[in-house]
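Notes follow once the structure below has been shown.
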Amino acid sequence: MKQNFIRWSGVMLGIGLMTGSVVGQETNEMEQLRRELFQMREQMRALEQKLEQVERNAAAARTELPERARTTDVASLAAAEKSWSLADPIQVGKGSAYADIGLVATFAAGGSTARDIEGGTQLGGHDPNQRGFTLQGMELSLQGAVDPYLRGKANVLFSIDSDGETFVELEEAWVETVALPGNLQLRAGQLMTEFGRINTQHPHSWGFVDAPLVSARFLGPDGLRNPGARLSWLAPTPFYSELLLTVQDSHGENAAGFRHSGHDHGAAATELPFGYRHADNDRGVRGVGDMLFAPRYTVSFDLTDSQTLLLGASAAFGPNSSGSSGDTVTQIYGIDLYWKWKPAEAHGGFPFVSFQSEAMLRRYELGAFDWDEDGNLGDGDGNGFVDEGIVADATGLLPAVLNPERVTDYGFYSELLYGFRKGWVAGLRYDYVGGRAADFERAGLLVADNAGGGDLLGRDPRRAQRWRLSPNLTWYPTEFSKVRLQYNFDDRRSLGTDHSVWLQFEFLLGAHAAHKF
Amino acid sequence: MMTRISLVAAENFKLNASTTGEHPSSKRQSVTGVQRGVWNVGVSVVLMIGVWWLAVVNAHAKLNVVATTPDIGAIAREIGGEKIDLTILARPTEDPHFVDPKPSFIVKLNRADVLIHGGADLEVGWLPRLVEQARNAKIVGAAKGEVRCCEGVQMLEVPEKLDRSGGDIHAAGNPHFLVDPENAKIVAHHIADTFATLDAANREFYLEREKQFNATLERKLVEWQEKLVSFKGQHLVAYHNSWLYFANRFGLKIELFLEPKPGIPPSPQHLTTVIAKMKELNARVVIVDPYLNRKTADTVARATGAKVVSVTQFPGGVKGTEGGYVALMDYLVNSLAAALGTEK
């Protein structure tokens, strides 16, 4: 600034001098010019002095500011730098990153009297899946504000199945509006279907080592989640009341009860598909009606100062790919309840008692299916008998022709958690699933052995009645780690009882968002 | 309501349509009928909007204020008086680090004009998810209605490096700053400023209340300091490291904790060291918040002959502190002065 000023003055002076030397012949004029020049120099000096004075003052002001004000300034600057962001629990790098990065790794060790652990006794995709050690999941999450209008979250999960294969799942990757008008909120991307409680919780926040039977059976081993959108409306009631609608793709292994053709990872390859008929009739998407629709309504009341109740009702509708008729649909209905008591003097969140229960009903339309797919009456090798592995009718002589029918399954789980002292939680869960016997189960179908006979099929094991009782004990050294010991008593009607013991351990690094109630 | 109105309209329409067929000449009449139906609907909708608008305006007659913790709430009440509707989320006896994010809080945050929170991660375990679900533009993303109390407060113990092996350490520094009356003034100023901006009609009221509150604090601070001046430099033992700002203000030393690290439960070995140090430093008072384990404090007190004093950082947390911020500070100063005094 000052230098510019001097330079400018110099140029102006130069011009002035030149003009002066050319034009000024007369002494009077020279004299006048000289005087002017002198005046200008004086003015310049004065200006320079003024500038210096101003600079000195500014410097003095900086040093003279009271200690208090300066530290306040620094503190608020520091605070602004580490400003409290929306999805911001404990920051990594103190505000230096635009997203919070977190990692949760969950392992299990143990064993079971059952041999068919993965997909047999343990239905959940992230349950312990073998005798010995299991990596139940290593979840990497990133979240933060996208811009002033949106916030985003991504969750990627790595795990290793019982064959030792590592697989990666994109659990969540979505953006959500910060504040739409009309109490609405829109979320879009890869998201968990808003159905019941357990389906929208990550496995590491469950109270038990494994997924409840009812959700794993009806919503799929990894639950319901797919690309789509979710609209939610916070109703203007005096109590909490929220209406949600999720619309998603109805296809793939994360929509297991819908347009899902293949086997779930880990399920025995020899096992027959659901309903003893191929589920390979994926009709594709012809219209909006072929999406998965999941409405949910949830309310909550504070019963007393230390007791809260949360109730919900959910449903999921969508096409399935059973049989060959191409117009079959699945309907799942669910109700859920969560109650928690925590006294006003709780220390670090303890003691507490919580009760959670979900009941579900599934109506699944099975499509017509003819096991004589090649037109050779199931006798591909021409030995006069139905080939091995093909489903034959009660006589065992002809491939089965299955009629369309609608089967109804139901089930529930209830779990009680008691945090009896800081860091310690005792839990008890009861699981039950069952279903009304269907026509195809009563038809005496056989799975042919290529010798004119075969094994009687009876109840589909995916529909058969079973129950499970699971007591457990969890120790949380801090909120960032846990060790859990769980025993499962399993009673599968057709297969008998089994005992399993699992020790789960988990750690958490980096940021971790607070959980929903 | 809406369905009823549309039914009326449909009835009108049906009625007129049926008459149209019978009497061609009544065509004009039928049109008027339809128009009347539409008009009915129009008027009803306008009325409904009017009623709704009135309800909204009335509901917003007072500033709707949500404070996360009771200490912040008490200061908001000092400034806002009866001109605000105040909701405090955490209960005074509750551990402010572990408040259940009850869904009812979402509703309260959804309707808030102002959210006042510590801003220093004390509520990080429960507030962010609630605010996300509340979808209220007035209180998110540095909106005018979001008051971060810690702004301008000189935060102490700001970690150089975030490392959880040190226990529950807050990135923004020790968040228990409000037990220093000088910080209460800063917070009062933030609150008054926000109230005055959002409720301009009562601007003078809020600013006047702030002035009064400041004057009270200044007067009381002298009194409090006088009461504790003779105990300058004395050591006290706390369960959790939440009394740093208080100690600094009143010249006390609260550097010994029953917790080995913030948020980590006391271990016998650690307590042995604490007991030894207490004897060495002649620390004879152990302070415990209502949500912390009093038994541990009692054990330590028995081993050292120290006295356990129930303290709280929240008005209402201990009997006799219900009156508000000044009552809380009065209680703290008096009970500590009494405990330290009798031990002398």
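For the structure tokens, the naming scheme is as follows: chains receive sequential letters (A, B, ...) according to their order of presentation, residues are indexed from 1 within each chain, and ligands are indexed from 1 in presentation order.
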
Review point. What lies within 6 Å of region 313-322 of chain B using only C-alpha atoms, ignoring chain neighbours under 3 positions off, as a PyMOL selection string?
Key: chain B and resi 70-71+92-93+327-328

Restricting it to N, CA and C atoms, dump the selection as a PDB file, in the first residue's frame.
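To be explicit, this is the file written out as out_20.pdb:
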```
ATOM      1  N   PRO B  70     -29.761 -28.934  32.678  1.00  0.00           N
ATOM      2  CA  PRO B  70     -30.468 -28.015  33.567  1.00  0.00           C
ATOM      3  C   PRO B  70     -29.684 -26.742  33.915  1.00  0.00           C
ATOM      4  N   ASP B  71     -28.351 -26.789  33.874  1.00  0.00           N
ATOM      5  CA  ASP B  71     -27.586 -25.569  34.167  1.00  0.00           C
ATOM      6  C   ASP B  71     -27.808 -24.522  33.074  1.00  0.00           C
ATOM      7  N   PRO B  92     -31.823 -33.242  36.237  1.00  0.00           N
ATOM      8  CA  PRO B  92     -30.701 -32.699  37.004  1.00  0.00           C
ATOM      9  C   PRO B  92     -29.826 -33.750  37.685  1.00  0.00           C
ATOM     10  N   THR B  93     -30.402 -34.907  38.003  1.00  0.00           N
ATOM     11  CA  THR B  93     -29.604 -35.921  38.688  1.00  0.00           C
ATOM     12  C   THR B  93     -28.923 -36.857  37.699  1.00  0.00           C
ATOM     13  N   ALA B 327     -28.587 -20.190  43.184  1.00  0.00           N
ATOM     14  CA  ALA B 327     -28.833 -21.115  44.291  1.00  0.00           C
ATOM     15  C   ALA B 327     -27.854 -22.281  44.239  1.00  0.00           C
ATOM     16  N   LEU B 328     -27.583 -22.733  43.034  1.00  0.00           N
ATOM     17  CA  LEU B 328     -26.634 -23.834  42.861  1.00  0.00           C
ATOM     18  C   LEU B 328     -25.241 -23.429  43.344  1.00  0.00           C
TER      19      LEU B 328
END
```

Test item, strand (DSSP E) assignment across region 27-232 of chain B, answer as a PDB file with N, CA, C and O atoms, in the first residue's frame:
```pdb
ATOM      1  N   LEU B  63     -41.273 -17.687  22.775  1.00  0.00           N
ATOM      2  CA  LEU B  63     -40.144 -18.404  22.184  1.00  0.00           C
ATOM      3  C   LEU B  63     -40.113 -19.811  22.772  1.00  0.00           C
ATOM      4  O   LEU B  63     -40.200 -20.000  23.974  1.00  0.00           O
ATOM      5  N   ASN B  64     -39.992 -20.783  21.884  1.00  0.00           N
ATOM      6  CA  ASN B  64     -39.937 -22.170  22.320  1.00  0.00           C
ATOM      7  C   ASN B  64     -38.470 -22.572  22.455  1.00  0.00           C
ATOM      8  O   ASN B  64     -37.765 -22.706  21.471  1.00  0.00           O
ATOM      9  N   VAL B  65     -38.028 -22.717  23.692  1.00  0.00           N
ATOM     10  CA  VAL B  65     -36.602 -22.914  23.947  1.00  0.00           C
ATOM     11  C   VAL B  65     -36.342 -24.319  24.482  1.00  0.00           C
ATOM     12  O   VAL B  65     -37.014 -24.771  25.402  1.00  0.00           O
ATOM     13  N   VAL B  66     -35.372 -25.003  23.898  1.00  0.00           N
ATOM     14  CA  VAL B  66     -34.948 -26.302  24.421  1.00  0.00           C
ATOM     15  C   VAL B  66     -33.501 -26.176  24.885  1.00  0.00           C
ATOM     16  O   VAL B  66     -32.640 -25.712  24.135  1.00  0.00           O
ATOM     17  N   ALA B  67     -33.268 -26.543  26.145  1.00  0.00           N
ATOM     18  CA  ALA B  67     -31.909 -26.553  26.682  1.00  0.00           C
ATOM     19  C   ALA B  67     -31.525 -27.990  26.959  1.00  0.00           C
ATOM     20  O   ALA B  67     -32.348 -28.776  27.423  1.00  0.00           O
ATOM     21  N   ILE B  84     -40.561 -17.043  27.725  1.00  0.00           N
ATOM     22  CA  ILE B  84     -40.186 -18.218  26.932  1.00  0.00           C
ATOM     23  C   ILE B  84     -40.862 -19.475  27.477  1.00  0.00           C
ATOM     24  O   ILE B  84     -41.199 -19.558  28.650  1.00  0.00           O
ATOM     25  N   ASP B  85     -41.055 -20.436  26.565  1.00  0.00           N
ATOM     26  CA  ASP B  85     -41.452 -21.785  26.969  1.00  0.00           C
ATOM     27  C   ASP B  85     -40.184 -22.604  26.982  1.00  0.00           C
ATOM     28  O   ASP B  85     -39.523 -22.742  25.953  1.00  0.00           O
ATOM     29  N   LEU B  86     -39.842 -23.120  28.161  1.00  0.00           N
ATOM     30  CA  LEU B  86     -38.548 -23.784  28.296  1.00  0.00           C
ATOM     31  C   LEU B  86     -38.704 -25.281  28.516  1.00  0.00           C
ATOM     32  O   LEU B  86     -39.491 -25.719  29.351  1.00  0.00           O
ATOM     33  N   THR B  87     -37.948 -26.054  27.755  1.00  0.00           N
ATOM     34  CA  THR B  87     -37.879 -27.504  27.961  1.00  0.00           C
ATOM     35  C   THR B  87     -36.427 -27.863  28.221  1.00  0.00           C
ATOM     36  O   THR B  87     -35.546 -27.448  27.475  1.00  0.00           O
ATOM     37  N   ILE B  88     -36.200 -28.619  29.289  1.00  0.00           N
ATOM     38  CA  ILE B  88     -34.842 -29.083  29.581  1.00  0.00           C
ATOM     39  C   ILE B  88     -34.815 -30.586  29.357  1.00  0.00           C
ATOM     40  O   ILE B  88     -35.645 -31.325  29.893  1.00  0.00           O
ATOM     41  N   VAL B 114     -35.351 -22.231  19.592  1.00  0.00           N
ATOM     42  CA  VAL B 114     -33.969 -22.094  20.044  1.00  0.00           C
ATOM     43  C   VAL B 114     -33.524 -23.416  20.672  1.00  0.00           C
ATOM     44  O   VAL B 114     -34.255 -24.016  21.450  1.00  0.00           O
ATOM     45  N   LEU B 115     -32.326 -23.859  20.318  1.00  0.00           N
ATOM     46  CA  LEU B 115     -31.704 -24.990  21.001  1.00  0.00           C
ATOM     47  C   LEU B 115     -30.427 -24.472  21.653  1.00  0.00           C
ATOM     48  O   LEU B 115     -29.569 -23.898  20.973  1.00  0.00           O
ATOM     49  N   ILE B 116     -30.341 -24.634  22.956  1.00  0.00           N
ATOM     50  CA  ILE B 116     -29.133 -24.201  23.655  1.00  0.00           C
ATOM     51  C   ILE B 116     -28.401 -25.437  24.137  1.00  0.00           C
ATOM     52  O   ILE B 116     -28.943 -26.232  24.906  1.00  0.00           O
ATOM     53  N   HIS B 117     -27.185 -25.614  23.669  1.00  0.00           N
ATOM     54  CA  HIS B 117     -26.408 -26.773  24.111  1.00  0.00           C
ATOM     55  C   HIS B 117     -24.990 -26.331  24.431  1.00  0.00           C
ATOM     56  O   HIS B 117     -24.567 -25.238  24.065  1.00  0.00           O
ATOM     57  N   GLU B 146     -29.528 -21.758  17.085  1.00  0.00           N
ATOM     58  CA  GLU B 146     -28.645 -22.723  17.730  1.00  0.00           C
ATOM     59  C   GLU B 146     -27.619 -21.971  18.569  1.00  0.00           C
ATOM     60  O   GLU B 146     -26.807 -21.223  18.042  1.00  0.00           O
ATOM     61  N   VAL B 147     -27.691 -22.158  19.874  1.00  0.00           N
ATOM     62  CA  VAL B 147     -26.748 -21.481  20.765  1.00  0.00           C
ATOM     63  C   VAL B 147     -25.732 -22.496  21.269  1.00  0.00           C
ATOM     64  O   VAL B 147     -26.081 -23.462  21.946  1.00  0.00           O
ATOM     65  N   ARG B 148     -24.495 -22.280  20.907  1.00  0.00           N
ATOM     66  CA  ARG B 148     -23.404 -23.130  21.406  1.00  0.00           C
ATOM     67  C   ARG B 148     -22.751 -22.379  22.549  1.00  0.00           C
ATOM     68  O   ARG B 148     -22.030 -21.414  22.338  1.00  0.00           O
TER      69      ARG B 148
END
```

Check your understanding: How many Å lie between CA of Gln331 (chain A) and CA of Pro273 (chain A), rounded to one decimal?
Key -> 18.8 Å

Exercise for review: Select residues of chain B: the criterion is any atom within 6 Å of an atom of chain A, counting only C-alpha atoms; output as a count of residues only.
Suggested key: 20

**Study point:** Coordinates-based distance that separates CA of Asp370 (chain A) from CA of Phe440 (chain A) (Å, one decimal)
**Key:** 12.5 Å
